[in-house]
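First up is the structure itself, then whatever we jot down about it.
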Amino acid sequence: MWFVTWISLFAPLAWSDVVDDYLRAEIEKRHCPGLALAVIQAGKVVKLAGYGLANVEHAIPATPKTVFQIQSVTKQFVATAIMMLVEEGKVSLDAKVSDYLSGAAVSWEKITVRRLLTHTSGIKDFINEPTASLRLEVTDEEVLKETAKRPLNFQPGEKYAYSNSNYHLLAMILRKVTGRSYSDFLGERVFEPLGMSSTRLMSWSEVIPNRAAGYRWQTNQLSNGQFVAGSILAYGGGGLLSTAEDMAKWDLALRGEKLLKRASLEQMWAPTTLNDGSISNYGFGWGVRGKKPHRSVQHSGSHITGFTSYIVRFLDHDLSVIVLANAGHANPETIAQAIAGLYVSALAPAVGSSLFSVE
(Lines give C-alpha, C1' and ligand atoms only; values in the text may rest on other atoms or scores of the structure.)
Protein backbone atom coordinates (compact mmCIF):
# COMPACT_ATOMS: atom_id res chain seq x y z
CA MET A 1 0.00 0.00 0.00
CA TRP A 2 2.76 2.42 0.87
CA PHE A 3 5.02 4.21 -1.55
CA VAL A 4 8.08 6.36 -0.98
CA THR A 5 9.44 8.94 -3.39
CA TRP A 6 12.40 11.00 -2.31
CA ILE A 7 15.30 13.21 -3.19
CA SER A 8 18.33 13.28 -0.91
CA LEU A 9 21.07 15.84 -1.39
CA PHE A 10 24.40 16.11 0.41
CA ALA A 11 23.57 13.15 2.70
CA PRO A 12 24.91 9.57 2.58
CA LEU A 13 22.51 6.98 1.22
CA ALA A 14 22.75 4.85 4.35
CA TRP A 15 21.67 7.78 6.52
CA SER A 16 18.74 8.49 4.23
CA ASP A 17 17.70 4.87 4.69
CA VAL A 18 17.53 5.40 8.48
CA VAL A 19 15.25 8.40 8.05
CA ASP A 20 13.13 6.60 5.47
CA ASP A 21 12.72 3.54 7.68
CA TYR A 22 11.66 5.67 10.62
CA LEU A 23 9.07 7.57 8.60
CA ARG A 24 7.64 4.45 6.97
CA ALA A 25 7.15 3.03 10.46
CA GLU A 26 5.56 6.26 11.70
CA ILE A 27 2.94 6.54 8.97
CA GLU A 28 1.99 2.92 9.55
CA LYS A 29 1.79 3.37 13.32
CA ARG A 30 -0.19 6.59 13.07
CA HIS A 31 -2.48 5.42 10.24
CA CYS A 32 -1.28 8.43 8.29
CA PRO A 33 -1.98 8.16 4.55
CA GLY A 34 0.81 10.46 3.41
CA LEU A 35 3.56 12.76 4.54
CA ALA A 36 6.15 15.08 3.03
CA LEU A 37 9.42 16.02 4.68
CA ALA A 38 12.06 18.70 4.22
CA VAL A 39 15.27 18.92 6.25
CA ILE A 40 17.54 21.94 5.85
CA GLN A 41 20.97 21.91 7.48
CA ALA A 42 23.73 24.51 7.24
CA GLY A 43 21.91 26.30 4.44
CA LYS A 44 21.41 23.21 2.28
CA VAL A 45 18.42 20.98 1.65
CA VAL A 46 19.70 17.62 2.89
CA LYS A 47 16.43 15.73 2.67
CA LEU A 48 13.33 16.31 0.58
CA ALA A 49 10.95 13.38 0.45
CA GLY A 50 7.41 12.08 0.20
CA TYR A 51 5.99 8.98 1.88
CA GLY A 52 2.71 7.12 1.56
CA LEU A 53 -0.24 8.42 -0.41
CA ALA A 54 -1.48 11.89 -1.28
CA ASN A 55 -4.80 10.36 -2.32
CA VAL A 56 -5.84 6.96 -1.01
CA GLU A 57 -8.78 6.41 -3.36
CA HIS A 58 -6.61 6.85 -6.44
CA ALA A 59 -3.38 5.46 -4.92
CA ILE A 60 -1.43 8.63 -5.78
CA PRO A 61 1.96 8.76 -4.01
CA ALA A 62 2.90 11.73 -1.84
CA THR A 63 5.97 13.61 -3.07
CA PRO A 64 7.82 16.82 -2.14
CA LYS A 65 5.55 18.54 -4.68
CA THR A 66 2.31 17.36 -3.07
CA VAL A 67 0.15 20.32 -2.03
CA PHE A 68 -1.06 20.23 1.58
CA GLN A 69 -3.15 22.57 3.69
CA ILE A 70 -0.62 24.05 6.13
CA GLN A 71 -3.29 25.61 8.36
CA SER A 72 -1.87 27.75 11.20
CA VAL A 73 1.66 27.70 9.80
CA THR A 74 0.08 30.42 7.65
CA LYS A 75 0.42 32.77 10.61
CA GLN A 76 4.18 33.18 10.17
CA PHE A 77 3.61 34.34 6.60
CA VAL A 78 1.04 36.92 7.67
CA ALA A 79 3.38 38.09 10.44
CA THR A 80 6.16 38.45 7.87
CA ALA A 81 3.90 40.53 5.64
CA ILE A 82 3.06 42.81 8.57
CA MET A 83 6.76 43.20 9.38
CA MET A 84 7.49 44.12 5.76
CA LEU A 85 5.02 46.97 6.14
CA VAL A 86 6.55 47.91 9.48
CA GLU A 87 9.98 48.19 7.84
CA GLU A 88 8.44 50.39 5.16
CA GLY A 89 6.83 52.65 7.74
CA LYS A 90 3.29 51.76 6.63
CA VAL A 91 2.31 49.94 9.82
CA SER A 92 3.32 50.54 13.41
CA LEU A 93 3.52 47.67 15.88
CA ASP A 94 2.22 49.93 18.64
CA ALA A 95 -0.61 51.49 16.66
CA LYS A 96 -4.14 50.64 17.76
CA VAL A 97 -6.26 48.22 15.76
CA SER A 98 -8.83 51.03 15.53
CA ASP A 99 -6.25 53.14 13.67
CA TYR A 100 -6.64 50.74 10.74
CA LEU A 101 -10.07 49.14 11.06
CA SER A 102 -13.37 50.89 11.54
CA GLY A 103 -15.78 48.90 13.64
CA ALA A 104 -13.27 48.00 16.35
CA ALA A 105 -14.91 47.70 19.75
CA VAL A 106 -14.43 50.37 22.42
CA SER A 107 -12.97 47.66 24.64
CA TRP A 108 -10.20 47.19 22.04
CA GLU A 109 -8.83 50.69 22.71
CA LYS A 110 -5.57 49.29 24.14
CA ILE A 111 -5.16 46.52 21.56
CA THR A 112 -2.24 47.14 19.24
CA VAL A 113 -0.87 45.38 16.18
CA ARG A 114 1.78 43.88 18.46
CA ARG A 115 -0.93 42.38 20.70
CA LEU A 116 -2.53 40.72 17.70
CA LEU A 117 0.78 39.25 16.53
CA THR A 118 1.59 37.82 19.96
CA HIS A 119 -1.89 36.52 20.86
CA THR A 120 -2.04 38.82 23.86
CA SER A 121 -5.05 40.89 22.77
CA GLY A 122 -7.73 39.13 24.81
CA ILE A 123 -10.04 39.01 21.77
CA LYS A 124 -12.18 35.88 21.60
CA ASP A 125 -11.46 33.27 18.95
CA PHE A 126 -14.19 33.69 16.32
CA ILE A 127 -13.96 30.00 15.41
CA ASN A 128 -14.01 28.51 18.90
CA GLU A 129 -15.62 31.04 21.29
CA PRO A 130 -18.39 30.08 20.88
CA THR A 131 -17.87 27.35 18.31
CA ALA A 132 -18.90 28.73 14.95
CA SER A 133 -20.67 26.82 12.20
CA LEU A 134 -17.72 26.02 9.99
CA ARG A 135 -20.00 25.08 7.10
CA LEU A 136 -21.37 28.59 6.58
CA GLU A 137 -19.61 31.19 4.45
CA VAL A 138 -18.75 34.42 6.23
CA THR A 139 -17.18 37.74 5.23
CA ASP A 140 -14.30 39.46 6.98
CA GLU A 141 -16.57 42.30 7.97
CA GLU A 142 -19.11 39.93 9.50
CA VAL A 143 -16.39 38.31 11.59
CA LEU A 144 -15.19 41.72 12.78
CA LYS A 145 -18.71 42.84 13.64
CA GLU A 146 -19.61 39.70 15.59
CA THR A 147 -16.27 39.46 17.39
CA ALA A 148 -16.36 43.12 18.41
CA LYS A 149 -19.67 42.49 20.22
CA ARG A 150 -18.12 40.01 22.61
CA PRO A 151 -16.28 40.95 25.81
CA LEU A 152 -12.53 40.45 26.01
CA ASN A 153 -11.24 37.34 27.75
CA PHE A 154 -8.68 39.49 29.58
CA GLN A 155 -7.13 42.93 29.39
CA PRO A 156 -4.65 43.41 26.52
CA GLY A 157 -1.17 42.28 27.49
CA GLU A 158 -2.35 40.54 30.64
CA LYS A 159 -1.74 37.02 29.34
CA TYR A 160 -1.22 34.86 26.25
CA ALA A 161 -4.19 33.03 24.72
CA TYR A 162 -4.12 31.68 21.18
CA SER A 163 -6.93 33.23 19.16
CA ASN A 164 -7.47 32.88 15.43
CA SER A 165 -9.26 36.24 15.47
CA ASN A 166 -5.92 37.99 15.94
CA TYR A 167 -4.60 36.87 12.57
CA HIS A 168 -7.95 37.36 10.88
CA LEU A 169 -7.69 41.01 11.93
CA LEU A 170 -4.06 41.26 10.83
CA ALA A 171 -5.08 40.08 7.35
CA MET A 172 -7.76 42.77 7.33
CA ILE A 173 -5.15 45.37 8.31
CA LEU A 174 -2.95 44.20 5.43
CA ARG A 175 -5.82 44.67 3.02
CA LYS A 176 -6.68 48.09 4.46
CA VAL A 177 -3.08 49.36 4.19
CA THR A 178 -2.12 47.82 0.84
CA GLY A 179 -5.43 47.48 -0.96
CA ARG A 180 -4.60 43.83 -1.59
CA SER A 181 -5.65 40.61 0.09
CA TYR A 182 -3.02 38.99 2.30
CA SER A 183 -2.61 36.15 -0.19
CA ASP A 184 -2.11 38.50 -3.14
CA PHE A 185 0.40 40.55 -1.14
CA LEU A 186 2.33 37.42 -0.17
CA GLY A 187 2.18 36.11 -3.72
CA GLU A 188 3.78 39.28 -5.05
CA ARG A 189 6.28 39.93 -2.26
CA VAL A 190 7.17 36.42 -1.04
CA PHE A 191 6.01 33.45 -3.07
CA GLU A 192 6.92 34.68 -6.55
CA PRO A 193 10.37 36.08 -5.61
CA LEU A 194 11.27 32.87 -3.77
CA GLY A 195 9.99 30.56 -6.51
CA MET A 196 7.31 29.11 -4.23
CA SER A 197 5.16 28.32 -7.24
CA SER A 198 2.84 25.86 -5.50
CA THR A 199 2.06 28.02 -2.44
CA ARG A 200 -1.28 29.75 -2.66
CA LEU A 201 -4.60 30.49 -1.00
CA MET A 202 -6.91 27.60 -0.19
CA SER A 203 -9.84 27.20 -2.58
CA TRP A 204 -12.39 24.44 -2.97
CA SER A 205 -13.48 25.53 -6.45
CA GLU A 206 -10.11 25.97 -8.19
CA VAL A 207 -8.28 23.09 -9.82
CA ILE A 208 -4.98 22.81 -7.94
CA PRO A 209 -2.40 20.38 -9.37
CA ASN A 210 -0.92 17.81 -6.96
CA ARG A 211 -3.41 18.62 -4.19
CA ALA A 212 -3.58 16.02 -1.41
CA ALA A 213 -6.84 14.76 0.02
CA GLY A 214 -7.30 15.10 3.79
CA TYR A 215 -8.18 12.20 6.11
CA ARG A 216 -9.11 11.29 9.68
CA TRP A 217 -8.75 8.04 11.62
CA GLN A 218 -12.00 7.25 13.42
CA THR A 219 -13.38 4.04 14.91
CA ASN A 220 -10.35 2.18 13.60
CA GLN A 221 -10.83 3.20 10.02
CA LEU A 222 -9.76 5.94 7.65
CA SER A 223 -12.34 8.52 6.60
CA ASN A 224 -12.31 11.71 4.60
CA GLY A 225 -11.74 15.00 6.39
CA GLN A 226 -14.74 17.17 7.18
CA PHE A 227 -16.01 19.94 4.96
CA VAL A 228 -15.36 23.53 6.07
CA ALA A 229 -16.60 26.63 4.25
CA GLY A 230 -14.04 28.09 1.88
CA SER A 231 -14.14 31.58 3.38
CA ILE A 232 -13.24 30.20 6.80
CA LEU A 233 -10.51 27.93 5.45
CA ALA A 234 -8.96 30.80 3.49
CA TYR A 235 -8.71 33.27 6.40
CA GLY A 236 -5.44 34.92 7.44
CA GLY A 237 -4.77 32.54 10.32
CA GLY A 238 -4.68 29.34 8.32
CA GLY A 239 -5.59 29.71 4.68
CA LEU A 240 -2.48 28.73 2.75
CA LEU A 241 -1.56 25.63 0.77
CA SER A 242 2.06 24.64 0.24
CA THR A 243 4.51 21.82 -0.43
CA ALA A 244 7.60 20.51 1.33
CA GLU A 245 9.64 21.78 -1.60
CA ASP A 246 8.24 25.30 -1.29
CA MET A 247 8.53 25.34 2.48
CA ALA A 248 12.22 24.48 2.14
CA LYS A 249 12.60 27.58 -0.03
CA TRP A 250 10.84 29.59 2.66
CA ASP A 251 13.23 28.33 5.31
CA LEU A 252 16.28 29.10 3.19
CA ALA A 253 15.03 32.66 2.65
CA LEU A 254 14.77 33.17 6.41
CA ARG A 255 18.47 32.42 6.78
CA GLY A 256 19.45 35.62 5.01
CA GLU A 257 17.78 38.99 4.56
CA LYS A 258 15.85 38.28 1.39
CA LEU A 259 12.54 39.20 2.99
CA LEU A 260 13.23 41.03 6.23
CA LYS A 261 16.14 42.59 8.02
CA ARG A 262 17.81 40.40 10.60
CA ALA A 263 16.59 42.71 13.39
CA SER A 264 12.98 42.15 12.31
CA LEU A 265 13.38 38.38 12.31
CA GLU A 266 14.97 38.46 15.75
CA GLN A 267 12.02 40.49 17.00
CA MET A 268 9.62 37.91 15.55
CA TRP A 269 11.56 35.09 17.26
CA ALA A 270 11.71 36.72 20.70
CA PRO A 271 9.44 35.88 23.64
CA THR A 272 6.78 38.43 24.59
CA THR A 273 6.83 40.38 27.84
CA LEU A 274 3.40 40.62 29.48
CA ASN A 275 2.07 43.49 31.57
CA ASP A 276 3.31 42.00 34.83
CA GLY A 277 6.78 41.35 33.48
CA SER A 278 6.27 37.63 32.96
CA ILE A 279 7.12 35.98 29.65
CA SER A 280 4.99 34.36 26.95
CA ASN A 281 6.79 31.94 24.65
CA TYR A 282 5.16 33.22 21.49
CA GLY A 283 6.68 35.85 19.23
CA PHE A 284 5.20 37.11 15.97
CA GLY A 285 3.71 34.07 14.24
CA TRP A 286 6.25 31.73 15.84
CA GLY A 287 6.37 29.80 19.09
CA VAL A 288 9.67 30.31 20.91
CA ARG A 289 11.30 27.54 22.91
CA GLY A 290 14.45 26.73 24.83
CA LYS A 291 17.63 28.57 25.67
CA LYS A 292 21.11 28.52 24.21
CA PRO A 293 22.42 26.17 22.94
CA HIS A 294 19.06 24.62 22.07
CA ARG A 295 16.82 27.51 21.03
CA SER A 296 14.07 26.84 18.52
CA VAL A 297 11.18 28.60 16.84
CA GLN A 298 8.26 26.61 15.57
CA HIS A 299 4.60 26.47 14.62
CA SER A 300 2.07 23.75 14.04
CA GLY A 301 -1.13 23.54 12.06
CA SER A 302 -4.07 21.15 12.14
CA HIS A 303 -7.66 21.01 11.02
CA ILE A 304 -10.73 18.79 10.86
CA THR A 305 -10.39 18.85 7.08
CA GLY A 306 -7.70 16.21 7.62
CA PHE A 307 -4.32 17.94 7.59
CA THR A 308 -1.51 18.61 10.05
CA SER A 309 1.75 20.51 9.59
CA TYR A 310 4.80 21.53 11.54
CA ILE A 311 7.90 23.64 10.97
CA VAL A 312 10.73 23.95 13.48
CA ARG A 313 13.99 25.88 13.21
CA PHE A 314 16.74 24.98 15.68
CA LEU A 315 18.54 28.31 15.71
CA ASP A 316 21.70 27.19 17.49
CA HIS A 317 22.12 24.05 15.36
CA ASP A 318 21.39 25.54 11.93
CA LEU A 319 18.80 22.84 11.33
CA SER A 320 15.18 23.01 10.22
CA VAL A 321 12.61 20.25 9.85
CA ILE A 322 9.29 20.59 8.02
CA VAL A 323 6.60 17.92 8.13
CA LEU A 324 3.33 18.11 6.17
CA ALA A 325 0.72 15.36 6.51
CA ASN A 326 -2.74 14.65 5.12
CA ALA A 327 -4.01 13.22 8.39
CA GLY A 328 -5.77 15.26 11.04
CA HIS A 329 -4.72 12.68 13.60
CA ALA A 330 -0.99 12.74 12.79
CA ASN A 331 1.50 14.28 15.19
CA PRO A 332 4.04 16.05 12.97
CA GLU A 333 5.70 17.79 15.93
CA THR A 334 6.78 14.48 17.44
CA ILE A 335 7.93 13.25 14.05
CA ALA A 336 9.91 16.43 13.38
CA GLN A 337 11.64 16.27 16.75
CA ALA A 338 12.64 12.66 16.14
CA ILE A 339 13.98 13.52 12.69
CA ALA A 340 15.97 16.41 14.17
CA GLY A 341 17.54 13.97 16.61
CA LEU A 342 18.67 11.78 13.75
CA TYR A 343 20.65 14.70 12.30
CA VAL A 344 21.82 16.31 15.57
CA SER A 345 22.16 13.88 18.46
CA ALA A 346 21.72 16.64 21.06
CA LEU A 347 18.17 17.13 19.78
CA ALA A 348 17.15 13.48 20.08
CA PRO A 349 14.09 12.71 22.24
CA ALA A 350 14.81 11.59 25.77
CA VAL A 351 15.85 8.01 26.41
CA GLY A 352 12.78 5.84 26.82
CA SER A 353 10.68 7.69 24.28
CA SER A 354 10.69 4.62 22.01
CA LEU A 355 11.67 6.57 18.93
CA PHE A 356 11.38 3.60 16.62
CA SER A 357 8.43 1.93 18.34
CA VAL A 358 5.71 0.84 15.92
CA GLU A 359 3.26 -0.41 18.51
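Just remember, in the C-alpha coordinates the first chain shown is A, the second B, etc., residues are 1-based per chain, and ligands are 1-based in the order shown.
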Mind running stretch 51-102 of chain A against stretch 210-233 of chain A at 6 Å and telling me each contacting residue's nearest atom pair with the distance in Å (one decimal), counting only C-alpha atoms, chain and number ascending, as JSON lines?
```
{"residue": "A:Ala54", "atom": "CA", "partner": "A:Ala212", "partner_atom": "CA", "distance": 4.6}
{"residue": "A:Asn55", "atom": "CA", "partner": "A:Ala213", "partner_atom": "CA", "distance": 5.4}
{"residue": "A:Thr66", "atom": "CA", "partner": "A:Asn210", "partner_atom": "CA", "distance": 5.1}
{"residue": "A:Val67", "atom": "CA", "partner": "A:Arg211", "partner_atom": "CA", "distance": 4.5}
{"residue": "A:Phe68", "atom": "CA", "partner": "A:Ala212", "partner_atom": "CA", "distance": 5.7}
```
Output file for the residues above (N, CA and C atoms, as a tab-separated table (two decimals), in the first residue's frame):
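Okay, out-v7.tsv is ready:
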```
chain	number	residue	atom	x	y	z
A	54	ALA	N	-0.81	10.59	-1.28
A	54	ALA	CA	-1.48	11.89	-1.28
A	54	ALA	C	-2.98	11.71	-1.43
A	55	ASN	N	-3.38	10.67	-2.13
A	55	ASN	CA	-4.80	10.36	-2.32
A	55	ASN	C	-4.96	8.85	-2.25
A	66	THR	N	3.71	17.50	-3.47
A	66	THR	CA	2.31	17.36	-3.07
A	66	THR	C	1.87	18.60	-2.30
A	67	VAL	N	0.68	19.09	-2.64
A	67	VAL	CA	0.15	20.32	-2.03
A	67	VAL	C	-0.73	19.97	-0.83
A	68	PHE	N	-0.34	20.46	0.33
A	68	PHE	CA	-1.06	20.23	1.58
A	68	PHE	C	-1.65	21.54	2.11
```
Please provide the set of residues having any atom within 9 Å of stretch 323-331 of chain A, restricted to only C-alpha atoms, with same-chain residues fewer than 4 positions apart removed, written as a PyMOL selection string.
chain A and resi 27+30-39+53-55+68-70+212-217+225+242-244+302-311+335-336
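Distances here use only C-alpha atoms; by that measure, the residue among A:Ser163, A:Gln155, A:Thr199, A:Ser183 closest to A:Ser72 is A:Ser163.
Taking only C-alpha atoms into account, A:Ser165 lies nearest to A:Glu146 out of the set A:Glu28, A:Glu257, A:Glu266, A:Glu146.
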